[in-house]
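Right, one structure below, let's go through it.
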Amino acid sequence: MAEPKKRWGKIVDLNKCVGCHACSVACVAENKVANGKHRTKIIEHEEGVFPNVYRYTEKWSCNHCQNAPCVDACPTKASHYTEWGTVEVKPELCIGCGYCVLACPYRVRMMNERHDGGLPEKCTLCLHRLEQGLKPACETTCIAGAIITGDLNDPNSEINRWVAKGAVERRPDLDTHPNVFIIPYRR
Amino acid sequence: MEHLYTWNYLIAIYLFTAGLSSGAAIIASITDILNHTDERIKRIAAYLAPFPVVLGLVCLVADLHRPLNFFKVLIHYHATSVMSWGAFFLLVFPIIAMVFTAMVYFNYNGALRKITAWLELVLGLAIGIYAGLLLAAIYNNPVWSNPLIVFLFFVSALSTGGCMVIMAGKVWDSFDQRVLRKIIPEKWLPAEKSLNFDHDNIRLLISLDAVIIIIELMVISTLIISYALRPTGEIALGAIITGGYYLLFWLGVVLLGLITPLILAILELQHKFTDNASGIISWVEPALVLTGGYLLRHVIVYGGQLVYPILTLYR
């Protein structure tokens, strides 16, 4: 009997994220990202109206949408869904047009320079590590334990306990149905 | 924000040249289908139609980050990708346009001429619409994802295409035909005088152009209103209308590229100029429209990319 298919997902708890950029650096080191490019980065939110203002940080990387605008936009099907629900780029098909970078509503892709291969740089959810039973680089290095990766199809997984804590999609109005969720910041 | 601009002026040049080709192809095929008796406009438009977009295609390939893979877009198609459809039209259009150019050049009047003219019309419409659709299909971009962008680019394509025909006719006229006949063998040249514009040709094209410019101004006003009525309107207006590229937009596109040539065209059509001045005006007017046509694409391409950092802050 074959195992039920995995659907890898990730949750970032914004209440725990301290914005230390460790995930960003760990990702660059693990995936040998070209100089000056980041697959994951920290963005800062400043919200509220004076005097009740607050700020928090958010880990920002590919959301691995199940209905991904970048996959729809790609003219050669280089951007595709893997069998584990993540979104990846086939280098042999990619022409480096940059259309996926513009189509992504989350702005998580960026083009590499021609001398660095010219592929769009994006998070792969560290599939090569997940296949070996390891955690993604960002999760292993996160000092606050704000990141969790796991199989969304497995009801007993840790990640589904986090889902129950109130994880939400980013920009649900876009109908992209991401596999990466956030637990929104609560004051 | 790091790496703000994914697409640069090469894309703007491509959008501009695709518009030129589209406009020229539509003019050539419509005059041919309607059996317009005046050969000059038809001939110049038909001769020019394939070439600007070929230059644009060179720019497109030069803009690719993996240029050696460019042929993959011609063999792997993806139905949901607007760019994939465009690649197909851009592959077919120059071929059909070249065939049509050859038919016009060799005065071929057989059964295939009508079919080729219709194909050229359809493909001319297709690449004219595709230029705007490429941007409008990016549905999350407040500047680009507006159907009026498609309409604006298409109307501008007609206008710039017509002006390219005027300019080409003027350039051809300004050559000394005797010198030209010494450089190029007699049999390669079109019949004597067959390409020379007279006053009536230019007046016809300029009056058509004036009408198209008025439509373009109306589309731009509607576009601004349409931006303002949307929830993301503030971002879109801030990128090209009230901030960001607003100087280039208002001074370059609207004032230099639309209002000035419109005034010149109206004055010209009312015979307000002496013959001498009118000769210069018929150079200046299309040159301004062509400049404004490029600047329009430039402003939209760059302005549209200004908005991305703001989008990441949306919940």
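Identifiers for the structure tokens are assigned positionally: chains receive A, B, ... in sequence, residues are indexed from 1 per chain, and ligands are indexed from 1 in the order shown.
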
What's the 8 Å shell around Trp84 of chain A, counting only C-alpha atoms, without same-chain residues fewer than 3 positions away, as an MDAnalysis selection string? chainID A and resid 5:8 81

Quick check for you: according to DSSP on this backbone, which residues of segment 4-136 of chain A are classed as strand (DSSP E)? Reply as an MDAnalysis selection string. chainID A and resid 8:13 41:49 52:60 79:81 87:89 110:111 120:121

Contact check, chain B to chain A, at most 9 Å, counting only C-alpha atoms, closest pairs as a Markdown table:
```
| residue | atom | partner | partner_atom | distance |
| --- | --- | --- | --- | --- |
| B:Glu2 | CA | A:Lys37 | CA | 8.4 |
| B:His3 | CA | A:Met110 | CA | 7.3 |
| B:Thr6 | CA | A:Gly98 | CA | 6.3 |
| B:Trp7 | CA | A:Gly98 | CA | 7.2 |
| B:Leu60 | CA | A:Cys97 | CA | 8.4 |
| B:Val61 | CA | A:Cys97 | CA | 8.6 |
| B:Asp63 | CA | A:Cys97 | CA | 7.3 |
| B:Leu64 | CA | A:Cys97 | CA | 4.9 |
| B:His65 | CA | A:Gly96 | CA | 4.4 |
| B:Arg66 | CA | A:Gly96 | CA | 4.9 |
| B:Pro67 | CA | A:Ile95 | CA | 6.4 |
| B:Leu68 | CA | A:Ile95 | CA | 7.7 |
| B:Asn69 | CA | A:Ile95 | CA | 5.1 |
| B:Phe70 | CA | A:Ile95 | CA | 5.5 |
| B:Phe71 | CA | A:Ile95 | CA | 8.4 |
| B:Lys72 | CA | A:Leu93 | CA | 6.4 |
| B:Val73 | CA | A:Thr76 | CA | 5.5 |
| B:Leu74 | CA | A:Thr76 | CA | 8.4 |
| B:Ile75 | CA | A:Thr76 | CA | 8.2 |
| B:His76 | CA | A:Thr76 | CA | 5.0 |
| B:Tyr77 | CA | A:Thr76 | CA | 5.7 |
| B:His78 | CA | A:Pro75 | CA | 5.5 |
| B:Ala79 | CA | A:Pro75 | CA | 8.2 |
| B:Thr80 | CA | A:Asp72 | CA | 5.3 |
| B:Ser81 | CA | A:Ala73 | CA | 4.5 |
| B:Val82 | CA | A:Ala73 | CA | 6.8 |
| B:Met83 | CA | A:Pro75 | CA | 5.5 |
| B:Ser84 | CA | A:Pro75 | CA | 4.4 |
| B:Trp85 | CA | A:Pro75 | CA | 8.1 |
| B:Ala87 | CA | A:Pro75 | CA | 8.4 |
| B:Ala137 | CA | A:Ala103 | CA | 8.4 |
| B:Ile138 | CA | A:Ala103 | CA | 5.3 |
| B:Tyr139 | CA | A:Ala103 | CA | 7.6 |
| B:Asn140 | CA | A:Pro105 | CA | 5.7 |
| B:Asn141 | CA | A:Pro105 | CA | 7.8 |
| B:Gln305 | CA | A:Leu102 | CA | 8.0 |
| B:Tyr308 | CA | A:Arg107 | CA | 6.8 |
| B:Pro309 | CA | A:Arg107 | CA | 7.7 |
| B:Leu311 | CA | A:Tyr106 | CA | 7.2 |
| B:Thr312 | CA | A:Tyr106 | CA | 5.8 |
| B:Leu313 | CA | A:His45 | CA | 7.0 |
| B:Tyr314 | CA | A:Arg171 | CA | 7.3 |
| B:Arg315 | CA | A:Arg171 | CA | 5.4 |
```

Can you write just those residues out, C-alpha atoms, as a PDB file, in the first residue's frame?
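Saved result, result.pdb, follows:
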```
ATOM      1  CA  GLU B   2      16.540  45.540  -4.423  1.00  0.00           C
ATOM      2  CA  HIS B   3      16.126  44.730  -8.130  1.00  0.00           C
ATOM      3  CA  THR B   6      12.763  43.264 -13.966  1.00  0.00           C
ATOM      4  CA  TRP B   7      11.958  44.648 -17.411  1.00  0.00           C
ATOM      5  CA  LEU B  60      13.094  40.804 -26.638  1.00  0.00           C
ATOM      6  CA  VAL B  61      15.742  38.122 -27.053  1.00  0.00           C
ATOM      7  CA  ASP B  63      16.370  41.149 -22.727  1.00  0.00           C
ATOM      8  CA  LEU B  64      16.092  37.445 -21.871  1.00  0.00           C
ATOM      9  CA  HIS B  65      18.299  36.283 -19.039  1.00  0.00           C
ATOM     10  CA  ARG B  66      18.778  32.942 -20.770  1.00  0.00           C
ATOM     11  CA  PRO B  67      18.885  34.116 -24.394  1.00  0.00           C
ATOM     12  CA  LEU B  68      20.277  30.845 -25.756  1.00  0.00           C
ATOM     13  CA  ASN B  69      17.079  29.115 -24.646  1.00  0.00           C
ATOM     14  CA  PHE B  70      14.814  31.529 -26.539  1.00  0.00           C
ATOM     15  CA  PHE B  71      13.699  28.905 -29.078  1.00  0.00           C
ATOM     16  CA  LYS B  72      12.072  26.923 -26.239  1.00  0.00           C
ATOM     17  CA  VAL B  73       9.256  29.470 -26.183  1.00  0.00           C
ATOM     18  CA  LEU B  74       8.498  28.566 -29.806  1.00  0.00           C
ATOM     19  CA  ILE B  75       8.303  24.809 -29.225  1.00  0.00           C
ATOM     20  CA  HIS B  76       6.782  24.609 -25.728  1.00  0.00           C
ATOM     21  CA  TYR B  77       3.372  26.240 -25.537  1.00  0.00           C
ATOM     22  CA  HIS B  78       1.298  26.923 -22.451  1.00  0.00           C
ATOM     23  CA  ALA B  79      -2.360  27.795 -22.964  1.00  0.00           C
ATOM     24  CA  THR B  80      -2.736  29.856 -19.772  1.00  0.00           C
ATOM     25  CA  SER B  81       0.254  32.066 -20.573  1.00  0.00           C
ATOM     26  CA  VAL B  82      -0.411  35.225 -22.554  1.00  0.00           C
ATOM     27  CA  MET B  83       3.264  35.346 -23.477  1.00  0.00           C
ATOM     28  CA  SER B  84       3.022  31.908 -25.050  1.00  0.00           C
ATOM     29  CA  TRP B  85       0.174  33.066 -27.325  1.00  0.00           C
ATOM     30  CA  ALA B  87       5.212  34.106 -29.069  1.00  0.00           C
ATOM     31  CA  ALA B 137      -2.660  39.977 -17.877  1.00  0.00           C
ATOM     32  CA  ILE B 138      -0.573  40.596 -14.747  1.00  0.00           C
ATOM     33  CA  TYR B 139      -3.690  40.889 -12.669  1.00  0.00           C
ATOM     34  CA  ASN B 140      -2.156  41.944  -9.399  1.00  0.00           C
ATOM     35  CA  ASN B 141      -0.429  45.033 -10.801  1.00  0.00           C
ATOM     36  CA  GLN B 305       7.174  48.096 -11.792  1.00  0.00           C
ATOM     37  CA  TYR B 308       5.723  46.111  -6.449  1.00  0.00           C
ATOM     38  CA  PRO B 309       7.361  46.976  -3.082  1.00  0.00           C
ATOM     39  CA  LEU B 311       2.166  45.282  -2.771  1.00  0.00           C
ATOM     40  CA  THR B 312       4.162  43.148  -0.317  1.00  0.00           C
ATOM     41  CA  LEU B 313       2.754  45.182   2.557  1.00  0.00           C
ATOM     42  CA  TYR B 314      -0.841  44.242   1.731  1.00  0.00           C
ATOM     43  CA  ARG B 315      -2.584  41.689   3.928  1.00  0.00           C
TER      44      ARG B 315
END
```

Among the residues of segment 22-115 of chain B, find those DSSP assigns to alpha helix (DSSP H) from the backbone and print them as a VMD selection string. chain B and resid 22 to 33 39 to 48 50 to 63 72 to 75 82 to 105 111 to 115

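Using only C-alpha atoms, the shortest contact distance between Cys123 of chain A and any of A:Thr140, A:Ser79, A:Asn63, A:Asn35 is found at A:Asn63.
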
All residues 7 Å or closer to Glu216 of chain B, only C-alpha atoms, same chain fewer than 6 positions away omitted, as a list in words: Leu152, Val155 and Ser156 of chain B
